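Pasting query_13.txt here (compact mmCIF, C-alpha atoms):
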```
# COMPACT_ATOMS: atom_id res chain seq x y z
CA MET U 997 127.11 90.94 81.41
CA LEU U 998 125.74 94.21 82.81
CA VAL U 999 127.23 95.01 86.23
CA LEU U 1000 125.72 97.65 88.52
CA ASP U 1001 128.96 99.15 89.82
CA LEU U 1002 128.54 101.55 92.72
CA PRO U 1003 129.33 99.22 95.62
CA GLU U 1004 130.00 102.00 98.13
CA LEU U 1005 126.30 102.95 97.81
CA ARG U 1006 125.10 99.34 97.48
CA ASN U 1007 124.61 100.00 93.76
CA ALA U 1008 121.95 102.67 94.25
CA MET U 1009 120.72 104.08 90.96
CA SER U 1010 122.60 107.34 90.52
CA ASP U 1011 122.17 109.69 87.56
CA GLU U 1012 125.53 108.56 86.18
CA MET U 1013 124.64 104.88 86.52
CA THR U 1014 121.26 105.49 84.88
CA ALA U 1015 122.86 107.15 81.85
CA SER U 1016 125.48 104.40 81.61
CA TRP U 1017 122.76 101.73 81.81
CA VAL U 1018 120.85 103.27 78.90
CA ARG U 1019 124.00 103.43 76.77
CA ALA U 1020 124.84 99.81 77.56
CA VAL U 1021 121.34 98.57 76.73
CA ASP U 1022 121.36 100.53 73.47
CA GLU U 1023 124.62 98.82 72.50
CA LEU U 1024 123.25 95.38 73.34
CA VAL U 1025 120.05 96.00 71.38
CA GLY U 1026 122.15 96.87 68.33
CA ASP U 1027 124.48 93.87 68.59
CA PRO U 1028 123.14 90.85 66.65
CA SER U 1029 125.79 88.58 68.15
CA VAL U 1030 124.32 88.86 71.67
CA ARG U 1031 122.27 85.79 72.63
CA ALA U 1032 121.82 86.22 76.40
CA VAL U 1033 122.46 88.96 78.98
CA VAL U 1034 123.20 88.66 82.70
CA VAL U 1035 122.55 91.58 85.09
CA THR U 1036 124.27 91.58 88.49
CA GLY U 1037 125.70 93.88 91.13
CA GLU U 1038 129.27 94.60 92.13
CA GLY U 1039 130.20 93.96 95.74
CA SER U 1040 127.77 92.65 98.34
CA ALA U 1041 124.51 94.04 96.89
CA PHE U 1042 122.51 93.66 93.70
CA SER U 1043 120.92 97.11 94.08
CA SER U 1044 119.45 99.10 96.94
CA GLY U 1045 117.19 100.85 94.42
CA GLY U 1046 116.71 104.56 93.91
CA ASN U 1047 119.06 106.87 95.75
CA THR U 1048 116.99 108.21 98.67
CA ALA U 1049 118.84 111.55 98.62
CA TRP U 1050 117.88 111.93 94.95
CA LEU U 1051 114.27 111.00 95.66
CA ALA U 1052 113.96 113.71 98.32
CA SER U 1053 116.08 116.33 96.54
CA GLU U 1054 113.22 118.50 95.23
CA PRO U 1055 110.74 119.03 98.08
CA ASP U 1056 109.24 122.09 96.38
CA ALA U 1057 108.74 120.52 92.95
CA THR U 1058 105.22 120.18 91.59
CA VAL U 1059 103.57 116.82 91.02
CA ASP U 1060 103.84 117.36 87.26
CA GLN U 1061 107.57 118.09 87.49
CA LEU U 1062 108.15 115.03 89.66
CA ARG U 1063 106.07 112.87 87.32
CA SER U 1064 108.22 113.88 84.34
CA ARG U 1065 111.37 113.16 86.31
CA MET U 1066 110.21 109.74 87.49
CA MET U 1067 108.89 108.64 84.09
CA ARG U 1068 112.32 109.30 82.56
CA PHE U 1069 113.89 107.28 85.37
CA TYR U 1070 111.43 104.37 84.99
CA ARG U 1071 111.78 104.18 81.23
CA ALA U 1072 115.56 104.35 81.39
CA TRP U 1073 115.86 101.34 83.68
CA LEU U 1074 113.04 99.32 82.15
CA SER U 1075 114.78 99.61 78.77
CA ILE U 1076 116.21 96.18 79.59
CA ARG U 1077 112.84 94.86 78.36
CA ARG U 1078 113.73 96.07 74.86
CA LEU U 1079 116.18 93.20 74.48
CA GLU U 1080 114.85 90.36 72.34
CA VAL U 1081 117.31 87.89 73.85
CA PRO U 1082 116.79 86.22 77.26
CA THR U 1083 117.92 88.20 80.29
CA ILE U 1084 118.97 86.80 83.67
CA ALA U 1085 119.08 88.76 86.93
CA ALA U 1086 121.87 87.36 89.09
CA ILE U 1087 120.75 88.60 92.52
CA ASN U 1088 124.04 88.40 94.38
CA GLY U 1089 122.85 90.38 97.42
CA PRO U 1090 120.09 92.73 98.56
CA ALA U 1091 117.66 93.76 95.80
CA ILE U 1092 115.42 96.42 97.23
CA GLY U 1093 112.62 98.56 95.78
CA ALA U 1094 113.52 99.72 92.29
CA GLY U 1095 116.52 97.39 92.49
CA LEU U 1096 114.18 94.42 92.71
CA ALA U 1097 112.08 95.92 89.91
CA ILE U 1098 115.09 95.63 87.59
CA ALA U 1099 115.36 91.95 88.46
CA LEU U 1100 111.62 91.56 87.86
CA ALA U 1101 112.06 93.15 84.43
CA CYS U 1102 114.44 90.33 83.47
CA ASP U 1103 113.20 87.00 82.13
CA ILE U 1104 114.84 84.81 84.77
CA ARG U 1105 116.01 85.48 88.33
CA TYR U 1106 118.65 83.48 90.21
CA ALA U 1107 119.56 84.41 93.78
CA ALA U 1108 122.60 83.78 95.93
CA ARG U 1109 121.69 82.04 99.18
CA GLY U 1110 121.36 84.73 101.86
CA ALA U 1111 120.29 87.48 99.44
CA ARG U 1112 117.32 89.52 100.69
CA MET U 1113 114.79 91.27 98.52
CA GLY U 1114 111.61 93.27 98.82
CA VAL U 1115 109.63 96.33 97.85
CA PRO U 1116 109.40 98.52 100.98
CA PHE U 1117 108.16 101.62 99.16
CA THR U 1118 105.32 102.38 101.56
CA LYS U 1119 107.71 102.22 104.51
CA LEU U 1120 109.41 105.26 102.96
CA GLY U 1121 106.12 107.01 102.30
CA LEU U 1122 106.26 106.20 98.59
CA HIS U 1123 103.84 104.58 96.21
CA PRO U 1124 105.65 101.75 94.37
CA GLY U 1125 107.26 102.71 91.08
CA MET U 1126 109.23 101.21 88.18
CA ALA U 1127 106.19 99.11 87.11
CA THR U 1128 106.39 97.11 90.35
CA THR U 1129 102.61 96.87 90.74
CA TYR U 1130 102.54 95.19 87.30
CA LEU U 1131 105.73 93.16 87.33
CA LEU U 1132 105.50 91.69 90.83
CA PRO U 1133 101.97 90.22 90.47
CA GLU U 1134 102.99 88.89 87.05
CA VAL U 1135 105.87 86.99 88.65
CA VAL U 1136 104.53 85.84 92.03
CA GLY U 1137 100.75 86.15 91.63
CA ALA U 1138 98.31 88.64 93.12
CA ALA U 1139 98.18 87.29 96.68
CA ALA U 1140 101.94 87.19 97.26
CA ALA U 1141 102.36 90.58 95.56
CA ARG U 1142 99.80 92.15 97.88
CA ASP U 1143 101.63 90.71 100.87
CA LEU U 1144 105.01 92.03 99.78
CA LEU U 1145 103.80 95.43 98.57
CA LEU U 1146 101.47 96.24 101.47
CA THR U 1147 103.70 94.98 104.30
CA GLY U 1148 106.96 96.12 102.72
CA ARG U 1149 108.67 93.13 104.30
CA LEU U 1150 111.87 91.62 102.95
CA VAL U 1151 112.26 87.95 102.11
CA ASP U 1152 115.40 85.85 101.92
CA ALA U 1153 116.38 83.83 98.87
CA ASP U 1154 114.81 80.59 100.11
CA GLU U 1155 111.41 82.21 100.73
CA ALA U 1156 111.72 84.01 97.40
CA LEU U 1157 112.18 80.62 95.75
CA GLY U 1158 109.00 79.34 97.39
CA LEU U 1159 107.09 82.40 96.17
CA GLY U 1160 108.37 81.96 92.62
CA LEU U 1161 110.18 85.29 92.85
CA VAL U 1162 113.40 83.52 91.85
CA SER U 1163 113.89 80.27 89.94
CA ARG U 1164 117.04 79.00 91.66
CA VAL U 1165 119.00 79.62 94.86
CA ILE U 1166 122.74 79.12 94.44
CA ASP U 1167 125.52 79.10 97.03
CA PRO U 1168 127.47 82.39 97.08
CA GLU U 1169 130.74 80.61 96.31
CA GLY U 1170 130.87 80.42 92.53
CA PHE U 1171 127.52 82.19 92.18
CA ARG U 1172 128.47 84.40 89.25
CA GLU U 1173 130.19 81.53 87.43
CA THR U 1174 127.12 79.31 87.85
CA VAL U 1175 124.81 81.99 86.47
CA LEU U 1176 127.14 82.67 83.56
CA GLY U 1177 127.07 78.93 82.85
CA ALA U 1178 123.28 79.11 82.63
CA ALA U 1179 123.59 82.05 80.25
CA VAL U 1180 125.99 80.04 78.09
CA ASP U 1181 123.42 77.23 77.95
CA ILE U 1182 120.75 79.70 76.82
CA ALA U 1183 123.11 81.25 74.27
CA ALA U 1184 123.68 77.79 72.79
CA THR U 1185 119.99 77.40 71.88
CA ALA U 1186 118.61 78.33 68.45
CA PRO U 1187 118.40 82.16 68.50
CA ILE U 1188 115.36 82.56 66.25
CA ALA U 1189 113.35 80.02 68.24
CA THR U 1190 114.50 81.55 71.53
CA ARG U 1191 113.59 85.10 70.53
CA LEU U 1192 110.15 84.06 69.31
CA THR U 1193 109.58 82.10 72.53
CA LYS U 1194 110.53 85.14 74.61
CA SER U 1195 108.15 87.24 72.51
CA ALA U 1196 105.32 84.75 73.07
CA LEU U 1197 105.85 84.77 76.82
CA ALA U 1198 106.08 88.57 76.95
CA ARG U 1199 102.94 89.23 74.91
CA GLY U 1200 100.83 86.62 76.70
CA HIS U 1201 97.72 85.04 75.21
CA ALA U 1202 94.10 85.92 75.84
CA SER U 1203 93.00 82.32 75.28
CA VAL U 1204 94.15 78.91 74.09
CA GLU U 1205 92.92 79.81 70.59
CA ALA U 1206 94.94 83.05 70.62
CA CYS U 1207 97.95 81.01 71.70
CA LEU U 1208 97.43 78.55 68.85
CA ASP U 1209 97.11 81.42 66.37
CA TRP U 1210 100.55 82.67 67.45
CA GLU U 1211 102.18 79.24 67.60
CA GLY U 1212 100.65 78.29 64.25
CA LEU U 1213 102.75 81.08 62.73
CA ALA U 1214 105.83 81.10 64.96
CA GLN U 1215 106.52 77.37 64.89
CA PRO U 1216 106.44 77.15 61.07
CA VAL U 1217 108.83 80.13 60.96
CA THR U 1218 111.34 78.07 62.93
CA MET U 1219 110.58 74.94 60.87
CA ALA U 1220 111.75 76.83 57.79
CA THR U 1221 115.16 77.67 59.31
CA ALA U 1222 118.52 76.03 58.73
CA ASP U 1223 118.83 75.87 62.51
CA LEU U 1224 116.03 73.30 62.70
CA GLN U 1225 117.87 71.05 60.25
CA GLU U 1226 121.05 71.51 62.27
CA GLY U 1227 119.22 70.69 65.51
CA ILE U 1228 117.80 67.47 64.05
CA ARG U 1229 121.19 66.44 62.64
CA ALA U 1230 122.82 67.10 66.01
CA VAL U 1231 120.33 64.81 67.76
CA GLN U 1232 120.86 62.09 65.17
CA GLU U 1233 124.64 62.42 65.37
CA LYS U 1234 124.64 62.65 69.18
CA ARG U 1235 126.53 65.95 69.30
CA ALA U 1236 125.94 69.51 70.42
CA PRO U 1237 124.21 71.65 67.77
CA HIS U 1238 125.84 74.72 66.25
CA PHE U 1239 123.11 77.26 65.58
CA GLU U 1240 123.73 80.25 63.35
CA GLY U 1241 120.41 82.09 63.62
CA ARG U 1242 119.25 81.46 60.08
```

Written form, structure tokens:
Amino acid sequence: MLVLDLPELRNAMSDEMTASWVRAVDELVGDPSVRAVVVTGEGSAFSSGGNTAWLASEPDATVDQLRSRMMRFYRAWLSIRRLEVPTIAAINGPAIGAGLAIALACDIRYAARGARMGVPFTKLGLHPGMATTYLLPEVVGAAAARDLLLTGRLVDADEALGLGLVSRVIDPEGFRETVLGAAVDIAATAPIATRLTKSALARGHASVEACLDWEGLAQPVTMATADLQEGIRAVQEKRAPHFEGR
């Protein structure tokens, strides 16, 4: 589990947190035993996004200097997309601006009932960042993304569920435990099949034929694994499978 841990600032993305995030993601990328990752916030918030004091700290900087600074920031936080294993954003409280972008960069989003989220960049005088104009339409569709990005309004967890922004709304009591249970279920699936499925969903397909080209290679890869034989035996023997990723 990756925990954004600056509760006194509603888990705003400080320089220290950014550096720590990159180190943590690097470790997870290099750990073959990891099969699922949960991202959540400490305290009452998921993340309030970029620290506003940091954003306004260089009023005399040139556009080129600011661009370099922001690209480093974007790439640092979006490094979560490097993970080949499924990622779950456990939105325990407000997820705002770049904070919501981190949740959008994950594969699955679960929200605690009462959590609010949105992308109010323009209300601050900012163009959206952190790939929000790509990630948000990808998740909720163009019409809903335009609504959220152009109005800057916040939505609660129940409306977010209706928009497809989150997949489940869970009561705050036991929220983290419920999400971790979902991660355990994912971790119990066959890792090779799961990683290839995540790759297929991430790359997208230009057409049905392009999809079949991919699946015509990826499915036989999994058919040649010991995990497939284990999965079939487990069904026949009416027990839980034990996958080893081979």

Atom pair atom CA of U:Ser1029 / atom CA of U:Ile1084: separation (Å): 17.0 Å

Tell me, in Å to one decimal, how far atom CA of U:Arg1068 is from atom CA of U:Ile1087.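 Answer for the atom CA of U:Arg1068 to atom CA of U:Ile1087 separation: 24.5 Å.
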
Quick one: distance from atom CA of U:Pro1187 to atom CA of U:Asp1223 in Å, one decimal?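 A separation of 8.7 Å between them.
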
Between U:Lys1194, U:Arg1063, U:Arg1006, U:Arg1199, smallest distance to U:Ser1040 by all atoms listed in the file belongs to U:Arg1006

Could you check which residues have any atom within 9 Å of (116.0, 79.0, 66.6), counting all atoms listed in the file with coordinates taken straight from the file, and then list them as a ChimeraX atom specification? /U:1185-1192,1218-1219,1221-1224,1227,1239-1242

All residues 7 Å or closer to U:Asp1152, all atoms listed in the file, same chain fewer than 3 positions away omitted, as an MDAnalysis selection string: chainID U and resid 1110:1113 1155:1156

Enumerate, as a short mmCIF file (atom, residue, chain, number, x, y, z; two decimals) with C-alpha atoms, in the coordinates of the input, the protein, DNA and RNA residues whose atoms approach (118.7, 84.4, 94.9) to within 7 Å, taking into account all atoms listed in the file and the coordinate frame of the file.
```cif
data_model
loop_
_atom_site.label_atom_id
_atom_site.label_comp_id
_atom_site.auth_asym_id
_atom_site.auth_seq_id
_atom_site.Cartn_x
_atom_site.Cartn_y
_atom_site.Cartn_z
CA ILE U 1087 120.75 88.60 92.52
CA ASN U 1088 124.04 88.40 94.38
CA TYR U 1106 118.65 83.48 90.21
CA ALA U 1107 119.56 84.41 93.78
CA ALA U 1108 122.60 83.78 95.93
CA ARG U 1109 121.69 82.04 99.18
CA ALA U 1111 120.29 87.48 99.44
CA ALA U 1153 116.38 83.83 98.87
CA VAL U 1162 113.40 83.52 91.85
CA ARG U 1164 117.04 79.00 91.66
CA VAL U 1165 119.00 79.62 94.86
CA ILE U 1166 122.74 79.12 94.44
#
```

Just the residues within 12 Å of U:Ala1049, please, counting all atoms listed in the file, with nothing from its chain fewer than 6 positions along; format it as a JSON list (two decimals) with C-alpha atoms, in the frame of the given file.
```json
[["chain", "number", "residue", "atom", "x", "y", "z"],
["U", 1005, "LEU", "CA", 126.30, 102.95, 97.81],
["U", 1008, "ALA", "CA", 121.95, 102.67, 94.25],
["U", 1009, "MET", "CA", 120.72, 104.08, 90.96],
["U", 1010, "SER", "CA", 122.60, 107.34, 90.52],
["U", 1011, "ASP", "CA", 122.17, 109.69, 87.56],
["U", 1055, "PRO", "CA", 110.74, 119.03, 98.08]]
```

Which of these residues is nearest to U:Gly1093, using all atoms listed in the file: U:Val1030, U:Met997, U:Gln1215, U:Thr1128? U:Thr1128

Write out as a compact mmCIF listing (two decimals) with C-alpha atoms, in the frame of the given file the residues lying within 12 Å of U:Gly1200, counting all atoms listed in the file and excluding same-chain residues fewer than 6 positions away.
```
# COMPACT_ATOMS: atom_id res chain seq x y z
CA GLU U 1134 102.99 88.89 87.05
CA THR U 1193 109.58 82.10 72.53
CA LYS U 1194 110.53 85.14 74.61
CA ALA U 1206 94.94 83.05 70.62
CA CYS U 1207 97.95 81.01 71.70
CA LEU U 1208 97.43 78.55 68.85
CA TRP U 1210 100.55 82.67 67.45
CA GLU U 1211 102.18 79.24 67.60
```
